[in-house]
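Novice: Have a look at this one.
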Amino acid sequence: LCCYSNTLNAQNVTFADSTVVYAKAMADSAYAAADYATAIHIYEQLLATEGEAATVYYNLGNAYYKSGDIARSILNYERAQLLDPSNEDTQFNLELARSKAVDKNVVVSELFFVRWLRSFASILSVDGWGKCGILCFIILILCFTLFIFSKKRKTKKIIFIFALLSLVCTVLANVIASSQKDKLVYRESAIIMEPSVTIRSTPSTSGTELFILHEGKKVTIKDDSMKDWKEIEIEDGNIGWLPASAIERI
């Protein structure tokens with residue numbers, strides 16, 4: 001298990017207030033002293049009062065893991081990764097926690113290009129890709145300005161090529177940023193929180209039993225229209241209904 005982080009992450013929330021910083025330090029100290037219950041309580045309070053932060057989710061996931069709550073450790077690692085997909089420590093700890101769950105991840109074959117694009121998109125966060133898109137757009141404007149005022153044909157060709165590359169990078173960065181933003185806004189994934197839950201063919205306890213899932217399993221919410229029941233899908237394509245109380249959104 002990678003060690004907890006003391007670094008405050010200002011990507012999604014800025015811990016500028018001295019009281020908040022002190023509270024974070026207290027939680028970190030409690031974790032270091034193996035007082036995981038206290039650390040969990042303080043981290044949860046920070047998230048509730050100050051908003052989301054990848055670092056706090058990461059440390060909270062560590063505290064839950066150490067306390068033996070695998071489902072909540074996976075949930076918080078997933079949330080940390082959603083906010084900061086480039087953090088290798090989060091990915092390592094997430095895989096470690098998943099290995100402790102009853103239901104193992106099913107490896108779904110993907111085209112090489114799709115797998116590469118997914119990996120490439122995780123290099124930066126949504127804010128990082130947004131800034132990258134703005135930078136590329138500025139370079140694009142500069143290239144067109146230089147192109148207009150340049151006199152030499154060879155120089156114009158070089159500038160034009162750079163302009164095209166900047167345009168492609170601008171579009172790509174914005175597409176990836178938009179995709180990551182949608183994941184943050186809609187939160188279609190969830191984690192099973194109950195020791196075991198029966199997946200049924202209809203949103204009712206009288207529905208046919210299809211299969212059973214256990215705590216820590218990641219699912220995708222397909223139908224969110226009902227309050228008490230959700231239709232979910234797992235990696236192998238199996239679909240069914242479960243009580244809304246059995247899952248918690250990432």
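Within each chain, counting starts at residue 1; across the structure tokens, chains are named A, B, ... in the order shown, with ligands numbered 1 upward in that order.
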Quick one: residues within 10 Å of Ser125 of chain A, only C-alpha atoms counted, chain neighbours fewer than 6 positions away excluded, as a list in words?
Specialist: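 The filter keeps Gln11, Gln81, Leu82, Leu83, Asp84, Pro85, Ser86, Asn87, Lys131, Ile176, Ala177, Gln180 and Lys181 of chain A.
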Novice: Please list as a PyMOL selection string every residue within 9 Å of Ser179 of chain A, counting only C-alpha atoms and excluding residues in the same chain fewer than 5 positions away.
Specialist: chain A and resi 126+174+184
Novice: A:Leu135, A:Ile234, A:Met193, A:Ala246: which is nearest Lys104 of chain A, counting only C-alpha atoms?
Specialist: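 Ranking A:Leu135, A:Ile234, A:Met193, A:Ala246 by distance to Lys104 of chain A, first place goes to A:Ile234.
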Novice: To one decimal place in Å, what is the distance between atom CA of Val175 of chain A and atom CA of Leu142 of chain A?
Specialist: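 Interatomic distance, atom CA of Val175 of chain A to atom CA of Leu142 of chain A: 21.9 Å.
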Novice: Nearest to Glu235 of chain A among A:Glu209, A:Glu188, A:Val106, A:Thr145, with distances taken over only C-alpha atoms: which residue is it?
Specialist: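 Once distances to Glu235 of chain A are computed over only C-alpha atoms, the minimum belongs to A:Val106.
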Novice: Find the spatial neighbours of Thr205 of chain A, counting only C-alpha atoms, within a cut-off of 12 Å - ignore same-chain residues fewer than 3 positions away - and output them as a count of residues only.
Specialist: 14
Novice: Please produce, as a Markdown table, a per-residue contact table for segment 163-199 of chain A versus segment 222-225 of chain A (criterion: any atom at most 12 Å away, only C-alpha atoms considered), showing the nearest atom pair and its distance in Å to one decimal, sorted by chain then residue number.
Specialist:
| residue | atom | partner | partner_atom | distance |
| --- | --- | --- | --- | --- |
| A:Tyr186 | CA | A:Asp224 | CA | 10.9 |
| A:Arg187 | CA | A:Asp224 | CA | 11.1 |
| A:Glu188 | CA | A:Lys222 | CA | 7.6 |
| A:Ser189 | CA | A:Lys222 | CA | 9.2 |
| A:Ala190 | CA | A:Lys222 | CA | 10.8 |
Novice: Point out the residue among A:Glu52, A:Glu215, A:Glu78, A:Glu95 with the least atom-to-atom distance to Pro195 of chain A, counting only C-alpha atoms.
Specialist: A:Glu215
Novice: Determine which residues of segment 26-210 of chain A receive a DSSP assignment of strand (DSSP E), computed from the backbone, and state them as JSON, numbers by chain.
Specialist: {"A": [189, 190, 191, 192, 196, 197, 198, 199, 200, 209, 210]}
Novice: Those selected residues, please, written with all heavy atoms and delivered as an mmCIF file, in the first residue's frame.
Specialist:
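The result, written out as selection-v3.cif:
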data_model
loop_
_atom_site.group_PDB
_atom_site.id
_atom_site.type_symbol
_atom_site.label_atom_id
_atom_site.label_comp_id
_atom_site.auth_asym_id
_atom_site.auth_seq_id
_atom_site.Cartn_x
_atom_site.Cartn_y
_atom_site.Cartn_z
ATOM 1 N N SER A 189 -20.867 5.435 -12.831
ATOM 2 C CA SER A 189 -20.313 4.231 -12.206
ATOM 3 C C SER A 189 -20.599 4.237 -10.707
ATOM 4 O O SER A 189 -20.769 5.290 -10.096
ATOM 5 C CB SER A 189 -18.806 4.150 -12.448
ATOM 6 O OG SER A 189 -18.528 4.029 -13.825
ATOM 7 N N ALA A 190 -20.649 3.038 -10.130
ATOM 8 C CA ALA A 190 -20.930 2.901 -8.704
ATOM 9 C C ALA A 190 -20.222 1.668 -8.167
ATOM 10 O O ALA A 190 -19.751 0.821 -8.927
ATOM 11 C CB ALA A 190 -22.438 2.804 -8.462
ATOM 12 N N ILE A 191 -20.156 1.584 -6.850
ATOM 13 C CA ILE A 191 -19.525 0.448 -6.170
ATOM 14 C C ILE A 191 -20.564 -0.257 -5.299
ATOM 15 O O ILE A 191 -21.342 0.392 -4.598
ATOM 16 C CB ILE A 191 -18.352 0.916 -5.280
ATOM 17 C CG1 ILE A 191 -17.292 1.641 -6.121
ATOM 18 C CG2 ILE A 191 -17.735 -0.274 -4.541
ATOM 19 C CD1 ILE A 191 -16.615 0.782 -7.163
ATOM 20 N N ILE A 192 -20.572 -1.594 -5.355
ATOM 21 C CA ILE A 192 -21.437 -2.378 -4.483
ATOM 22 C C ILE A 192 -20.945 -2.220 -3.048
ATOM 23 O O ILE A 192 -19.770 -2.464 -2.760
ATOM 24 C CB ILE A 192 -21.428 -3.869 -4.875
ATOM 25 C CG1 ILE A 192 -21.855 -4.052 -6.330
ATOM 26 C CG2 ILE A 192 -22.319 -4.675 -3.930
ATOM 27 C CD1 ILE A 192 -23.300 -3.779 -6.609
ATOM 28 N N SER A 196 -23.196 -8.800 -0.099
ATOM 29 C CA SER A 196 -23.631 -9.480 -1.316
ATOM 30 C C SER A 196 -25.007 -8.958 -1.695
ATOM 31 O O SER A 196 -25.790 -8.569 -0.816
ATOM 32 C CB SER A 196 -23.674 -11.001 -1.130
ATOM 33 O OG SER A 196 -24.652 -11.361 -0.184
ATOM 34 N N VAL A 197 -25.291 -8.917 -2.965
ATOM 35 C CA VAL A 197 -26.590 -8.447 -3.439
ATOM 36 C C VAL A 197 -26.999 -9.271 -4.652
ATOM 37 O O VAL A 197 -26.179 -9.583 -5.517
ATOM 38 C CB VAL A 197 -26.544 -6.942 -3.788
ATOM 39 C CG1 VAL A 197 -25.495 -6.649 -4.869
ATOM 40 C CG2 VAL A 197 -27.909 -6.440 -4.230
ATOM 41 N N THR A 198 -28.265 -9.634 -4.707
ATOM 42 C CA THR A 198 -28.799 -10.423 -5.811
ATOM 43 C C THR A 198 -29.269 -9.513 -6.927
ATOM 44 O O THR A 198 -30.052 -8.583 -6.694
ATOM 45 C CB THR A 198 -29.981 -11.305 -5.342
ATOM 46 O OG1 THR A 198 -29.535 -12.171 -4.298
ATOM 47 C CG2 THR A 198 -30.518 -12.138 -6.497
ATOM 48 N N ILE A 199 -28.774 -9.749 -8.109
ATOM 49 C CA ILE A 199 -29.183 -8.984 -9.283
ATOM 50 C C ILE A 199 -30.387 -9.677 -9.905
ATOM 51 O O ILE A 199 -30.354 -10.883 -10.172
ATOM 52 C CB ILE A 199 -28.038 -8.873 -10.301
ATOM 53 C CG1 ILE A 199 -26.751 -8.440 -9.602
ATOM 54 C CG2 ILE A 199 -28.409 -7.914 -11.421
ATOM 55 C CD1 ILE A 199 -26.846 -7.127 -8.862
ATOM 56 N N ARG A 200 -31.450 -8.909 -10.135
ATOM 57 C CA ARG A 200 -32.707 -9.485 -10.603
ATOM 58 C C ARG A 200 -33.073 -8.995 -12.000
ATOM 59 O O ARG A 200 -32.544 -7.987 -12.476
ATOM 60 C CB ARG A 200 -33.828 -9.169 -9.616
ATOM 61 C CG ARG A 200 -33.544 -9.722 -8.219
ATOM 62 C CD ARG A 200 -34.688 -9.473 -7.256
ATOM 63 N NE ARG A 200 -34.358 -9.997 -5.919
ATOM 64 C CZ ARG A 200 -34.567 -11.250 -5.538
ATOM 65 N NH1 ARG A 200 -35.102 -12.113 -6.401
ATOM 66 N NH2 ARG A 200 -34.245 -11.654 -4.316
ATOM 67 N N GLU A 209 -33.867 -14.213 -10.116
ATOM 68 C CA GLU A 209 -32.483 -14.024 -9.688
ATOM 69 C C GLU A 209 -31.544 -14.346 -10.849
ATOM 70 O O GLU A 209 -31.576 -15.451 -11.386
ATOM 71 C CB GLU A 209 -32.175 -14.921 -8.489
ATOM 72 C CG GLU A 209 -32.990 -14.585 -7.254
ATOM 73 C CD GLU A 209 -32.605 -15.446 -6.056
ATOM 74 O OE1 GLU A 209 -31.640 -16.233 -6.193
ATOM 75 O OE2 GLU A 209 -33.259 -15.333 -5.004
ATOM 76 N N LEU A 210 -30.727 -13.382 -11.230
ATOM 77 C CA LEU A 210 -29.807 -13.562 -12.360
ATOM 78 C C LEU A 210 -28.406 -13.965 -11.900
ATOM 79 O O LEU A 210 -27.851 -14.958 -12.347
ATOM 80 C CB LEU A 210 -29.744 -12.282 -13.190
ATOM 81 C CG LEU A 210 -31.065 -11.811 -13.808
ATOM 82 C CD1 LEU A 210 -30.864 -10.496 -14.544
ATOM 83 C CD2 LEU A 210 -31.637 -12.876 -14.740
#
Novice: Assign secondary structure with DSSP using the backbone only, and return the residues of segment 63-248 of chain A in helix (DSSP H, G or I) as an MDAnalysis selection string.
Specialist: chainID A and resid 63:66 70:83 88:100 112:121 126:149 153:186 244:246
Novice: Have a look at atom CA of Ala34 of chain A and atom CA of Glu248 of chain A and let me know their distance in Å, one decimal.
Specialist: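 Separation of atom CA of Ala34 of chain A and atom CA of Glu248 of chain A: 26.2 Å.
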Novice: So what do you get for atom CA of Asn76 of chain A versus atom CA of Tyr22 of chain A, distance-wise?
Specialist: 21.7 Å
